[in-house]
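The structure file model-v2.txt is reproduced below (compact mmCIF, N, CA and C atoms).
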# COMPACT_ATOMS: atom_id res chain seq x y z
N MET H 16 -7.93 3.07 2.67
CA MET H 16 -8.29 4.19 1.84
C MET H 16 -9.80 4.39 1.90
N ALA H 17 -10.21 5.62 1.95
CA ALA H 17 -11.63 5.95 2.04
C ALA H 17 -12.35 5.52 0.78
N ASP H 18 -13.55 4.99 0.96
CA ASP H 18 -14.43 4.58 -0.13
C ASP H 18 -13.74 3.65 -1.12
N SER H 19 -13.00 2.66 -0.58
CA SER H 19 -12.37 1.66 -1.42
C SER H 19 -12.46 0.31 -0.72
N ILE H 20 -12.20 -0.74 -1.48
CA ILE H 20 -12.16 -2.07 -0.91
C ILE H 20 -10.76 -2.61 -1.12
N THR H 21 -10.40 -3.62 -0.37
CA THR H 21 -9.08 -4.21 -0.46
C THR H 21 -9.19 -5.64 -0.96
N ASP H 22 -8.37 -5.99 -1.93
CA ASP H 22 -8.26 -7.37 -2.38
C ASP H 22 -6.98 -7.91 -1.76
N VAL H 23 -7.12 -8.88 -0.85
CA VAL H 23 -5.99 -9.40 -0.10
C VAL H 23 -5.46 -10.65 -0.80
N SER H 24 -4.18 -10.64 -1.14
CA SER H 24 -3.54 -11.83 -1.69
C SER H 24 -2.32 -12.15 -0.83
N ASP H 25 -1.55 -13.14 -1.24
CA ASP H 25 -0.42 -13.57 -0.43
C ASP H 25 0.64 -12.48 -0.26
N ASN H 26 0.88 -11.70 -1.29
CA ASN H 26 2.01 -10.78 -1.24
C ASN H 26 1.66 -9.32 -1.37
N LEU H 27 0.39 -9.00 -1.59
CA LEU H 27 0.05 -7.60 -1.73
C LEU H 27 -1.41 -7.36 -1.44
N GLU H 28 -1.74 -6.10 -1.23
CA GLU H 28 -3.12 -5.68 -1.06
C GLU H 28 -3.40 -4.65 -2.15
N VAL H 29 -4.51 -4.84 -2.84
CA VAL H 29 -4.89 -3.92 -3.91
C VAL H 29 -6.12 -3.16 -3.44
N TYR H 30 -6.07 -1.84 -3.54
CA TYR H 30 -7.20 -1.01 -3.17
C TYR H 30 -7.97 -0.63 -4.42
N LEU H 31 -9.28 -0.91 -4.40
CA LEU H 31 -10.13 -0.63 -5.55
C LEU H 31 -11.21 0.38 -5.15
N PRO H 32 -11.45 1.39 -5.98
CA PRO H 32 -12.52 2.34 -5.66
C PRO H 32 -13.87 1.64 -5.76
N ARG H 33 -14.79 1.99 -4.87
CA ARG H 33 -16.09 1.34 -4.82
C ARG H 33 -17.07 1.88 -5.85
N GLY H 34 -16.84 3.08 -6.32
CA GLY H 34 -17.74 3.80 -7.21
C GLY H 34 -18.74 2.97 -8.00
N GLU H 35 -18.34 2.46 -9.14
CA GLU H 35 -19.27 1.78 -10.04
C GLU H 35 -18.97 0.30 -10.17
N ILE H 36 -18.38 -0.30 -9.14
CA ILE H 36 -18.01 -1.71 -9.19
C ILE H 36 -19.16 -2.56 -8.65
N ASP H 37 -19.45 -3.68 -9.36
CA ASP H 37 -20.42 -4.66 -8.87
C ASP H 37 -19.74 -5.41 -7.72
N MET H 38 -20.23 -5.21 -6.52
CA MET H 38 -19.57 -5.74 -5.33
C MET H 38 -19.84 -7.23 -5.10
N ALA H 39 -20.88 -7.80 -5.72
CA ALA H 39 -21.25 -9.19 -5.46
C ALA H 39 -20.10 -10.16 -5.72
N PRO H 40 -19.40 -10.09 -6.86
CA PRO H 40 -18.29 -11.03 -7.08
C PRO H 40 -17.15 -10.83 -6.07
N ILE H 41 -16.94 -9.62 -5.65
CA ILE H 41 -15.87 -9.34 -4.68
C ILE H 41 -16.24 -9.92 -3.33
N ILE H 42 -17.49 -9.75 -2.94
CA ILE H 42 -17.96 -10.33 -1.67
C ILE H 42 -17.85 -11.85 -1.72
N THR H 43 -18.22 -12.43 -2.85
CA THR H 43 -18.13 -13.89 -3.01
C THR H 43 -16.68 -14.35 -2.89
N LYS H 44 -15.77 -13.64 -3.54
CA LYS H 44 -14.35 -14.01 -3.48
C LYS H 44 -13.83 -13.92 -2.05
N LEU H 45 -14.15 -12.84 -1.36
CA LEU H 45 -13.69 -12.67 0.01
C LEU H 45 -14.29 -13.74 0.92
N THR H 46 -15.54 -14.09 0.69
CA THR H 46 -16.19 -15.14 1.49
C THR H 46 -15.50 -16.48 1.28
N ARG H 47 -15.15 -16.78 0.03
CA ARG H 47 -14.42 -18.02 -0.25
C ARG H 47 -13.04 -18.01 0.40
N GLN H 48 -12.36 -16.86 0.33
CA GLN H 48 -11.06 -16.75 0.98
C GLN H 48 -11.19 -16.99 2.48
N LYS H 49 -12.22 -16.42 3.08
CA LYS H 49 -12.44 -16.58 4.51
C LYS H 49 -12.68 -18.04 4.86
N GLU H 50 -13.50 -18.73 4.08
CA GLU H 50 -13.79 -20.14 4.32
C GLU H 50 -12.52 -20.98 4.20
N LYS H 51 -11.71 -20.69 3.19
CA LYS H 51 -10.45 -21.42 2.99
C LYS H 51 -9.49 -21.16 4.15
N LEU H 52 -9.41 -19.92 4.59
CA LEU H 52 -8.54 -19.58 5.71
C LEU H 52 -9.02 -20.22 7.00
N GLU H 53 -10.33 -20.29 7.21
CA GLU H 53 -10.86 -20.94 8.41
C GLU H 53 -10.43 -22.40 8.46
N LYS H 54 -10.50 -23.09 7.30
CA LYS H 54 -10.09 -24.49 7.24
C LYS H 54 -8.59 -24.63 7.49
N GLU H 55 -7.80 -23.73 6.91
CA GLU H 55 -6.35 -23.78 7.09
C GLU H 55 -5.98 -23.54 8.55
N ILE H 56 -6.61 -22.56 9.18
CA ILE H 56 -6.35 -22.26 10.58
C ILE H 56 -6.74 -23.44 11.46
N GLN H 57 -7.88 -24.03 11.17
CA GLN H 57 -8.35 -25.19 11.94
C GLN H 57 -7.36 -26.35 11.80
N LYS H 58 -6.89 -26.60 10.57
CA LYS H 58 -5.93 -27.68 10.32
C LYS H 58 -4.63 -27.44 11.08
N LEU H 59 -4.09 -26.23 10.96
CA LEU H 59 -2.82 -25.92 11.63
C LEU H 59 -2.96 -25.95 13.15
N ASN H 60 -4.06 -25.43 13.67
CA ASN H 60 -4.30 -25.50 15.12
C ASN H 60 -4.38 -26.95 15.58
N GLY H 61 -5.06 -27.77 14.79
CA GLY H 61 -5.19 -29.19 15.12
C GLY H 61 -3.83 -29.87 15.21
N MET H 62 -2.97 -29.58 14.23
CA MET H 62 -1.64 -30.17 14.22
C MET H 62 -0.82 -29.68 15.41
N LEU H 63 -0.84 -28.38 15.64
CA LEU H 63 -0.01 -27.81 16.71
C LEU H 63 -0.54 -28.15 18.10
N ASN H 64 -1.81 -28.50 18.21
CA ASN H 64 -2.37 -28.90 19.50
C ASN H 64 -2.33 -30.40 19.72
N ASN H 65 -1.83 -31.14 18.72
CA ASN H 65 -1.71 -32.58 18.81
C ASN H 65 -0.37 -32.91 19.47
N GLU H 66 -0.43 -33.45 20.68
CA GLU H 66 0.79 -33.72 21.44
C GLU H 66 1.72 -34.69 20.71
N ARG H 67 1.17 -35.68 20.03
CA ARG H 67 2.00 -36.65 19.31
C ARG H 67 2.73 -35.97 18.16
N PHE H 68 2.03 -35.10 17.44
CA PHE H 68 2.68 -34.39 16.33
C PHE H 68 3.81 -33.52 16.85
N VAL H 69 3.53 -32.75 17.88
CA VAL H 69 4.54 -31.83 18.43
C VAL H 69 5.73 -32.60 18.99
N ALA H 70 5.47 -33.75 19.61
CA ALA H 70 6.56 -34.54 20.21
C ALA H 70 7.44 -35.19 19.14
N ASN H 71 6.85 -35.52 17.98
CA ASN H 71 7.59 -36.27 16.97
C ASN H 71 8.07 -35.46 15.78
N ALA H 72 7.50 -34.31 15.55
CA ALA H 72 7.87 -33.51 14.38
C ALA H 72 9.18 -32.77 14.63
N PRO H 73 9.98 -32.61 13.57
CA PRO H 73 11.20 -31.81 13.72
C PRO H 73 10.85 -30.36 14.08
N GLU H 74 11.73 -29.73 14.82
CA GLU H 74 11.49 -28.35 15.27
C GLU H 74 11.23 -27.41 14.09
N ALA H 75 11.92 -27.64 12.98
CA ALA H 75 11.73 -26.78 11.80
C ALA H 75 10.31 -26.89 11.26
N VAL H 76 9.74 -28.07 11.30
CA VAL H 76 8.37 -28.27 10.81
C VAL H 76 7.39 -27.57 11.74
N ILE H 77 7.62 -27.67 13.03
CA ILE H 77 6.74 -27.01 14.00
C ILE H 77 6.82 -25.50 13.82
N ALA H 78 8.03 -24.97 13.66
CA ALA H 78 8.20 -23.53 13.44
C ALA H 78 7.52 -23.08 12.15
N GLU H 79 7.65 -23.89 11.11
CA GLU H 79 7.01 -23.57 9.83
C GLU H 79 5.49 -23.53 9.98
N ASN H 80 4.93 -24.50 10.71
CA ASN H 80 3.49 -24.53 10.92
C ASN H 80 3.02 -23.36 11.78
N LYS H 81 3.81 -22.98 12.77
CA LYS H 81 3.45 -21.83 13.60
C LYS H 81 3.45 -20.55 12.76
N GLN H 82 4.44 -20.41 11.87
CA GLN H 82 4.48 -19.24 11.00
C GLN H 82 3.31 -19.23 10.02
N ALA H 83 2.99 -20.40 9.47
CA ALA H 83 1.86 -20.51 8.55
C ALA H 83 0.56 -20.14 9.26
N LEU H 84 0.42 -20.57 10.53
CA LEU H 84 -0.76 -20.24 11.31
C LEU H 84 -0.84 -18.74 11.54
N GLU H 85 0.27 -18.12 11.91
CA GLU H 85 0.28 -16.68 12.13
C GLU H 85 -0.07 -15.92 10.85
N ASP H 86 0.49 -16.36 9.73
CA ASP H 86 0.20 -15.72 8.45
C ASP H 86 -1.28 -15.85 8.09
N ALA H 87 -1.83 -17.05 8.29
CA ALA H 87 -3.24 -17.28 7.98
C ALA H 87 -4.14 -16.43 8.89
N GLN H 88 -3.79 -16.32 10.16
CA GLN H 88 -4.58 -15.52 11.08
C GLN H 88 -4.54 -14.04 10.71
N ASN H 89 -3.38 -13.55 10.31
CA ASN H 89 -3.26 -12.16 9.88
C ASN H 89 -4.08 -11.89 8.62
N LYS H 90 -4.01 -12.82 7.69
CA LYS H 90 -4.79 -12.67 6.46
C LYS H 90 -6.28 -12.73 6.77
N MET H 91 -6.65 -13.60 7.71
CA MET H 91 -8.07 -13.72 8.11
C MET H 91 -8.58 -12.41 8.67
N LYS H 92 -7.76 -11.74 9.46
CA LYS H 92 -8.17 -10.44 10.02
C LYS H 92 -8.47 -9.45 8.91
N LYS H 93 -7.61 -9.43 7.90
CA LYS H 93 -7.80 -8.50 6.78
C LYS H 93 -9.05 -8.83 5.98
N VAL H 94 -9.24 -10.12 5.68
CA VAL H 94 -10.41 -10.53 4.91
C VAL H 94 -11.68 -10.26 5.71
N SER H 95 -11.69 -10.60 6.99
CA SER H 95 -12.87 -10.38 7.83
C SER H 95 -13.18 -8.90 7.94
N SER H 96 -12.15 -8.09 8.10
CA SER H 96 -12.34 -6.65 8.18
C SER H 96 -12.96 -6.11 6.89
N GLU H 97 -12.47 -6.59 5.78
CA GLU H 97 -13.00 -6.14 4.49
C GLU H 97 -14.45 -6.57 4.33
N LEU H 98 -14.77 -7.80 4.70
CA LEU H 98 -16.16 -8.26 4.62
C LEU H 98 -17.05 -7.45 5.55
N ASP H 99 -16.54 -7.05 6.69
CA ASP H 99 -17.33 -6.24 7.62
C ASP H 99 -17.72 -4.88 7.01
N THR H 100 -16.89 -4.35 6.12
CA THR H 100 -17.22 -3.07 5.50
C THR H 100 -18.45 -3.17 4.61
N PHE H 101 -18.74 -4.38 4.12
CA PHE H 101 -19.90 -4.57 3.26
C PHE H 101 -21.20 -4.72 4.04
N SER H 102 -21.10 -5.07 5.30
CA SER H 102 -22.31 -5.26 6.11
C SER H 102 -22.73 -4.01 6.83
N VAL H 103 -22.01 -2.92 6.59
CA VAL H 103 -22.36 -1.64 7.25
C VAL H 103 -23.39 -0.91 6.44
How would this structure read if it were set down as structure tokens?
Amino acid sequence: MADSITDVSDNLEVYLPRGEIDMAPIITKLTRQKEKLEKEIQKLNGMLNNERFVANAPEAVIAENKQALEDAQNKMKKVSSELDTFSV
């Protein structure tokens, strides 16, 4: 939406008008989300790239981790995109 920001959560995106909102807390929240997602992505990549883990883990666990990685990467794109709007 034009002239709005997005708050990304697990199950929904909320669009907020930028008008008279103090953006500092929103930027801080998005930055923290990005840092948390970076750690989650790094952890999941580490597990999925570990040959011993992949060889010994049940297929369901591997599939669950792959889905969690995909979800985290998609959320990261949204958060990063939103943060990019503030640096323009």
#### Entry: Between CA of Ile77 (chain H) and CA of Lys58 (chain H), distance in Å (one decimal)
13.2 Å
### Task
May I have the protein, DNA and RNA residues with any atom at most 8 Å from the point (-3.5, -23.2, 6.2), counting all atoms listed in the file, written as number ranges by chain?
H: 51-60, 83-84, 86-88
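Across the structure, atom C of Gln48 (chain H) and atom C of Asn64 (chain H) are spaced 23.6 Å apart.
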#### Entry: Counting only C-alpha atoms, the option among H:Val69, H:Leu63, H:Leu45, H:Ala39 closest to Lys93 (chain H)
H:Leu45
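From atom N of Ile36 (chain H) back to atom C of Asp99 (chain H), the distance works out to 16.8 Å.
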